[in-house]
Each structure stands twice: as structure tokens, then as C-alpha cells.
There are 2 protein chains.
Amino acid sequence: MARNIRLILQYDGSRYHGWQKHDGVCNTIQGRIEQVLERMGGKPVELVGSGRTDAGVHARAQTANFYYEGEETPARIKDYLNRYLPEDIGVLSAEEVPMRFHSRFGAIRKTYEYRVYVGAEKPVFDRKYIWTPDKLSGFDVGNMRAAAVYLVGEHDFLAFCGNRNFKKSSVRRIERAEVTSDGTILHFRFTGSGFLQNMVRILTGTLLEVGAGLRTPESVAEALAKKDRSLAGFMAPAKGLTLISVEYE
Amino acid sequence: MARNIRLILQYDGSRYHGWQKHDGVCNTIQGRIEQVLERMGGKPVELVGSGRTDAGVHARAQTANFYYEGEETPARIKDYLNRYLPEDIGVLSAEEVPMRFHSRFGAIRKTYEYRVYVGAEKPVFDRKYIWTPDKLSGFDVGNMRAAAVYLVGEHDFLAFCGNRNFKKSSVRRIERAEVTSDGTILHFRFTGSGFLQNMVRILTGTLLEVGAGLRTPESVAEALAKKDRSLAGFMAPAKGLTLISVEYE
């Protein structure tokens with residue numbers, strides 16, 4: 001009898017073509033994990049993630065689940081995966097959950113963090129997990145926070161969607177949008193019900209433009225209201241983005 | 001007229017064949033920096049490092065110097081290097097120093113740190129800067145500290161030298177040898193007048209064997225006294241080792 005197994009995963013997305021498996025592209029996070037699960041259980045497995053992460057995006061705690069017909073305990077599954085997955089993908093936990101649990105449909109809240117490097121020295125050791133802007137500088141944290149306030153609440157985020165042909169509802173609820181700085185790294189942290197394709201990277205790019213004085217905080221409210229992608233800012237590169245957590249009921 | 005320029009450097013050694021340039025191996029830290037300096041100044045440059053680091057070893061603050069006949073200011077040299085060096089090599093500072101300054105002969109003290117991962121989870125994000133033992137475990141920090149005490153002082157460290165044909169004096173003074181643990185990472189930190197080839201990695205491997213109960217703390221004193229490599233422990237892998245600092249008069 002099949003069991004439903006939930007995995008909490010970490011990955012360094014630098015080498016991968018994103019989460020999602022698709023024809024002709026083998027090197028995705030989902031694809032690599034499914035390969036190992038198939039090898040363990042002897043039959044093909046479909047791993048359902050809480051959502052796709054773009055190529056180059058990292059995760060501290062992605063959630064995924066799969067139906068498993070083999071005999072291994074969750075503890076053994078975790079050990080097996082950690083042994084046979086490459087060193088840039090790790091399983092934090094594996095556990096049996098009710099059959100109705102679904103990583104994507106059940107997710108009620110996600111948190112992403114984008115890290116922008118603004119330190120004086122070349123960031124040799126953290127370089128894969130931050131982005132260093134070379135054209136923008138002198139970011140005003142107060143103005144970025146003022147702009148972030150407009151994002152909180154339920155809005156149609158179509159202006160911040162990277163998919164220009166998006167047909168479904170682009171209404172999402174952002175619960176928190178925080179900008180903090182430790183003098184070396186700017187942290188942009190967004191918690192919400194869900195995020196559209198590339199949305200966190202476009203939100204971050206837009207706030208960075210506010211911080212650099214290229215646009216006003218109010219222009220963010222205008223982009224939201226007009227639902228016009230051309231009124232929002234640039235899309236920050238993938239490497240600075242990390243999926244921090246996914247929450248369920 | 002030539003000036004003597006001192007650089008403080010950081011690097012992630014993962015991709016490199018060590019510090020030292022040698023025939024037929026281009027991809028060394030020294031080689032990459034000399035290439036960029038030659039391109040900047042239009043003539044070959046010889047960069048003198050405080051010492052070689054092995055292939056795969058990292059540095060938080062390596063010191064090096066070179067004689068420079070061009071016009072650029074030290075600030076410009078730093079910017080030029082940071083722009084044209086790959087992202088895993090960074091220059092923290094460049095400054096003009098007296099002509100007699102020599103990175104290797106002038107160094108009076110170096111500090112190295114070896115990091116051993118003993119946490120429960122697969123270390124996805126720090127994986128390049130730590131080593132995870134898969135055969136040894138259950139390290140007793142008290143016993144490792146007891147063994148480290150024998151290392152402090154002036155000794156002939158021939159038993160801990162990776163070069164079996166070493167002909168020069170293998171006497172070195174270790175000022176501090178510390179073992180600390182935060183529950184996830186064991187830190188081995190050594191400060192001394194200088195270190196023989198592979199010495200920090202063999203010291204760390206030997207202390208790990210003590211920690212795992214494979215040998216007594218006293219056996220370290222015995223290896224020192226007998227100057228016999230076969231009485232010391234294994235050589236820990238390069239990736240866990242970082243040169244932390246080099247000090248001068």
C-alpha cells in the first residue's frame with residue numbers, strides 16, 4: 001500500500017535549471033531527486049513540490065511529497081537520499097503524512113528572502129547566495145520600507161509577474177514585506193499566500209530602484225493599481241533569492 | 001622607479017591547484033593574479049606569497065607582494081584586480097610598503113583554521129569550506145584539547161610533515177592550538193611561526209583520531225618525540241582548511 005512521504009529539502013540552486021522537471025532538461029532539482037527515489041524504490045516516482053523555483057534560486061526549506069510503495073522507513077528514505085543526491089541538495093526531514101497532504105495545494109504561506117550585497121569588499125565566500133548590483137548604489141532603506149508598505153495586503157500583482165501571458169488570477173496576499181540592512185547585506189523578506197512567476201525578484205528590483213532614488217515609493221502603488229509590468233522595476237537576478245519556508249494548515 | 005605593493009587576499013581555493021605557480025599548471029592563485037597584474041602593467045610580474053597553500057585550501061587573508069613599475073595607485077590596483085580576477089579571488093587591500101618588505105621572509109606568525117562538520121543535517125551551503133568525516137564520529141573535545149597541549153611550544157614537527165624528503169629544519173613554534181565546538185562544527189585553530197607542508201591537515205587528522213578514541217592524547221607527544229610520520233595520524237582533506245591571517249613585525 002502506498003504511503004505519502006513529505007520531504008523538507010535544502011538546495012544550492014546555482015548548478016540547476018530550477019525546480020521543475022521538463023522535457024529535454026534533466027538537471028533540475030525535482031529531476032535529480034526523482035532519479036534517486038526511482039533507484040531506491042525500483043519504480044518511477046512523481047515528486048510534487050510546493051512550487052517551482054527558478055533556475056539559480058536556492059532553498060533553505062522547500063517542501064515536497066510523493067507516494068511511495070516501497071518498504072523503507074522515512075528515516076531510511078532520508079538517509080538514502082542524502083547519500084545518493086549530490087552535495088548541493090540535502091534532505092532535512094522525511095516523514096509519513098496523511099494521503100490527502102499535497103505540497104502545492106496545501107501550502108498556505110511562503111517566505112522568500114532576497115540578499116543584495118552592498119559591502120565594501122568583494123564577497124568571495126558568500127558569492128553564490130547574494131547579488132551585487134554594479135549599476136545601482138546608495139540605497140535608502142527608509143524609502144524602500146515606505147514602498148514595501150504598499151505591497152502588504154491583498155492585491156492584484158500582475159505588474160510584478162514575469163509571465164506576460166499569465167491568464168489565471170494574479171491576486172495574492174502579502175503578509176509581510178521587510179527591508180533590513182546590516183551594512184553589508186540588504187535583506188528583502190516577503191511572506192505571503194503565494195507568489196507569481198519571478199514576482200519576488202521583480203518586487204526586489206523595484207524596491208532597489210526606489211532605494212537608489214530612480215523612482216518614488218508611491219510609484220510602487222501606481223504599478224500595482226495599473227497592473228502594468230512596464231511600471232514595475234527590473235527583475236533582480238536569481239542567485240540572490242532563497243526560499244526560506246513553506247507553511248501548511 | 002619600482003614600488004613594492006602588498007596585497008591582502010581572500011580566495012575560495014576549491015577550483016585551484018593551490019597557491020603556487022608551477023610548470024604546466026596554469027590554474028593557481030598566484031598564476032591568476034600574476035596574469036591580471038601583467039595585463040595591467042604591460043610586463044611580467046612576480047608575486048611573492050607568504051607561503052603556499054595546498055590545492056583546495058582557502059584563505060581569508062593571505063599576504064603577497066610584488067615590485068611594480070607602473071603608474072597606478074594602490075587603490076587603482078586593488079580595483080583593477082577585483083574587477084578582472086574571477087569571483088572566487090578577492091583583494092581586501094593594496095598598499096605601498098618599504099622595498100625591503102618580503103611576504104615570505106618577513107612573516108612571523110600565521111593562523112590556520114580547520115573546520116570539521118559534525119552536525120546532523122547535510123551541510124548544503126557551507127559544503128566547500130568544511131570537511132565531513134564519514135568514518136570517524138563521537139569526537140571527545142576534552143581529549144583533543146589534551147592532545148593539542150603537547151603541540152604548543154617549539155618542537156621538531158617532522159612527524160607531521162607531508163613531504164617525506166624534507167631536508168631543511170622541521171623545527172617550528174606553535175603558540176596556540178585550540179579545539180572548539182559549537183555542536184555543529186569543530187574548529188581547530190593553530191597559530192605559529194610557520195607550518196610544514198600539509199602540517200595543519202596532519203595535525204588535525206591526528207587530533208581527530210584522538211577525539212574518536214583511536215589513539216591517546218599522549219601518542220601525539222610520542223609522535224613528536226620520535227619524529228616518525230607513521231606515528232602521526234591521517235591527513236585531513238584540503239577543503240576544510242583556511243589560512244586566517246599572516247602577521248609581520
# chains A, B, ... in the order shown; residues from 1 in each chain; ligands from 1
$ interface_residues --of "chain A" --to "chain B" --cutoff "12 Å" --atoms "only C-alpha atoms" --output "number ranges by chain"
A: 8-14, 58-61, 78-79, 81-93, 119-129, 131-132, 134, 242
$ residues_around --residues "Ser230 (chain B)" --least-positions-apart "6" --cutoff "12 Å" --atoms "only C-alpha atoms" --output "PyMOL selection string"
chain B and resi 158-162+164+202+206+219-220+222-224
$ closest_residue --among "A:Ile5, A:Val57, A:Leu151, A:Leu207" --to "Leu243 (chain A)" --atoms "only C-alpha atoms"
A:Val57
$ residues_around --residues "Asp156 (chain A)" --least-positions-apart "6" --cutoff "8 Å" --atoms "only C-alpha atoms" --output "PyMOL selection string"
chain A and resi 169-172+224-225+227
$ select_by_dssp --residues "region 132-243 of chain A" --states "helix (DSSP H, G or I)" --output "count of residues only"
42
$ residues_around --residues "Arg176 (chain B)" --least-positions-apart "5" --cutoff "7 Å" --atoms "only C-alpha atoms" --output "count of residues only"
4
$ residues_around --residues "Glu247 (chain B)" --least-positions-apart "3" --cutoff "6 Å" --atoms "only C-alpha atoms" --output "PyMOL selection string"
chain B and resi 107-109
$ residues_around --residues "Val45 (chain A)" --least-positions-apart "5" --cutoff "9 Å" --atoms "only C-alpha atoms" --output "PyMOL selection string"
chain A and resi 34-35+37-38+66-68
$ atom_distance --atom1 "CA of Ala2 (chain A)" --atom2 "CA of Thr28 (chain A)"
25.3 Å
$ select_by_dssp --residues "region 33-169 of chain B" --states "strand (DSSP E)" --output "tab-separated table (two decimals) with N, CA and C atoms, in the first residue's frame"
chain	number	residue	atom	x	y	z
B	48	VAL	N	55.01	37.38	-4.76
B	48	VAL	CA	55.55	36.55	-3.68
B	48	VAL	C	54.50	36.40	-2.59
B	49	GLY	N	54.09	35.17	-2.32
B	49	GLY	CA	53.11	34.94	-1.26
B	49	GLY	C	53.79	34.63	0.06
B	58	HIS	N	41.63	27.31	1.36
B	58	HIS	CA	41.09	28.66	1.23
B	58	HIS	C	41.92	29.67	2.01
B	59	ALA	N	41.68	30.96	1.76
B	59	ALA	CA	42.36	32.00	2.56
B	59	ALA	C	41.41	33.14	2.83
B	60	ARG	N	41.42	33.58	4.07
B	60	ARG	CA	40.67	34.78	4.47
B	60	ARG	C	41.56	36.00	4.39
B	61	ALA	N	42.85	35.81	4.52
B	61	ALA	CA	43.78	36.94	4.47
B	61	ALA	C	45.19	36.44	4.20
B	62	GLN	N	45.42	36.05	2.98
B	62	GLN	CA	46.76	35.71	2.52
B	62	GLN	C	47.48	37.03	2.22
B	63	THR	N	48.78	37.07	2.46
B	63	THR	CA	49.56	38.27	2.13
B	63	THR	C	50.51	37.95	0.99
B	64	ALA	N	50.64	38.91	0.07
B	64	ALA	CA	51.57	38.74	-1.05
B	64	ALA	C	52.09	40.11	-1.45
B	65	ASN	N	53.25	40.15	-2.10
B	65	ASN	CA	53.76	41.45	-2.57
B	65	ASN	C	54.44	41.30	-3.92
B	66	PHE	N	54.58	42.42	-4.61
B	66	PHE	CA	55.25	42.41	-5.92
B	66	PHE	C	55.85	43.78	-6.18
B	67	TYR	N	56.89	43.78	-6.99
B	67	TYR	CA	57.50	45.05	-7.40
B	67	TYR	C	56.80	45.53	-8.65
B	68	TYR	N	56.43	46.79	-8.62
B	68	TYR	CA	55.57	47.32	-9.68
B	68	TYR	C	56.18	48.58	-10.25
B	89	ILE	N	38.35	34.97	-6.13
B	89	ILE	CA	39.57	35.59	-5.61
B	89	ILE	C	39.28	37.08	-5.40
B	90	GLY	N	39.55	37.58	-4.21
B	90	GLY	CA	39.28	38.99	-3.92
B	90	GLY	C	40.47	39.66	-3.24
B	91	VAL	N	40.64	40.94	-3.50
B	91	VAL	CA	41.71	41.71	-2.87
B	91	VAL	C	41.09	42.59	-1.79
B	92	LEU	N	41.51	42.39	-0.54
B	92	LEU	CA	40.98	43.19	0.56
B	92	LEU	C	41.70	44.53	0.66
B	93	SER	N	43.01	44.52	0.35
B	93	SER	CA	43.73	45.79	0.40
B	93	SER	C	44.97	45.71	-0.47
B	94	ALA	N	45.39	46.87	-0.97
B	94	ALA	CA	46.65	47.00	-1.70
B	94	ALA	C	47.31	48.25	-1.14
B	95	GLU	N	48.58	48.15	-0.76
B	95	GLU	CA	49.25	49.36	-0.27
B	95	GLU	C	50.73	49.30	-0.57
B	96	GLU	N	51.30	50.49	-0.67
B	96	GLU	CA	52.74	50.55	-0.91
B	96	GLU	C	53.46	50.33	0.41
B	97	VAL	N	54.48	49.48	0.36
B	97	VAL	CA	55.26	49.17	1.57
B	97	VAL	C	56.74	49.38	1.25
B	107	ALA	N	57.25	37.13	7.33
B	107	ALA	CA	56.12	36.62	8.12
B	107	ALA	C	56.62	36.05	9.44
B	108	ILE	N	56.04	36.51	10.55
B	108	ILE	CA	56.48	35.98	11.84
B	108	ILE	C	55.44	35.06	12.48
B	109	ARG	N	54.23	35.10	11.98
B	109	ARG	CA	53.17	34.31	12.64
B	109	ARG	C	52.04	34.09	11.64
B	110	LYS	N	51.53	32.85	11.63
B	110	LYS	CA	50.37	32.54	10.78
B	110	LYS	C	49.31	31.82	11.60
B	111	THR	N	48.07	32.03	11.22
B	111	THR	CA	46.97	31.32	11.86
B	111	THR	C	46.16	30.58	10.79
B	112	TYR	N	45.95	29.31	11.04
B	112	TYR	CA	45.11	28.49	10.17
B	112	TYR	C	43.92	27.95	10.97
B	113	GLU	N	42.81	27.77	10.27
B	113	GLU	CA	41.67	27.12	10.91
B	113	GLU	C	41.19	25.96	10.06
B	114	TYR	N	40.96	24.83	10.73
B	114	TYR	CA	40.39	23.68	10.05
B	114	TYR	C	38.98	23.46	10.62
B	115	ARG	N	38.00	23.30	9.75
B	115	ARG	CA	36.62	23.14	10.20
B	115	ARG	C	36.08	21.76	9.82
B	116	VAL	N	35.64	21.05	10.83
B	116	VAL	CA	35.10	19.70	10.64
B	116	VAL	C	33.61	19.72	10.96
B	117	TYR	N	32.80	19.27	10.02
B	117	TYR	CA	31.36	19.30	10.22
B	117	TYR	C	30.89	18.06	10.96
B	153	GLY	N	54.47	25.09	21.71
B	153	GLY	CA	55.90	25.25	22.03
B	153	GLY	C	56.75	25.00	20.80
B	154	GLU	N	58.05	25.01	21.00
B	154	GLU	CA	58.96	24.77	19.89
B	154	GLU	C	59.30	23.29	19.82
B	155	HIS	N	59.00	22.69	18.68
B	155	HIS	CA	59.23	21.25	18.51
B	155	HIS	C	59.72	20.98	17.10
B	156	ASP	N	60.31	19.81	16.94
B	156	ASP	CA	60.58	19.32	15.60
B	156	ASP	C	59.32	18.58	15.13
$ atom_distance --atom1 "CA of Thr180 (chain B)" --atom2 "CA of Pro217 (chain B)"
16.2 Å
$ atom_distance --atom1 "CA of Ala212 (chain A)" --atom2 "CA of Gly138 (chain A)"
5.9 Å
$ closest_residue --among "A:Ala177, A:Ile29, A:Leu214, A:Val200" --to "Pro237 (chain A)" --atoms "only C-alpha atoms"
A:Val200
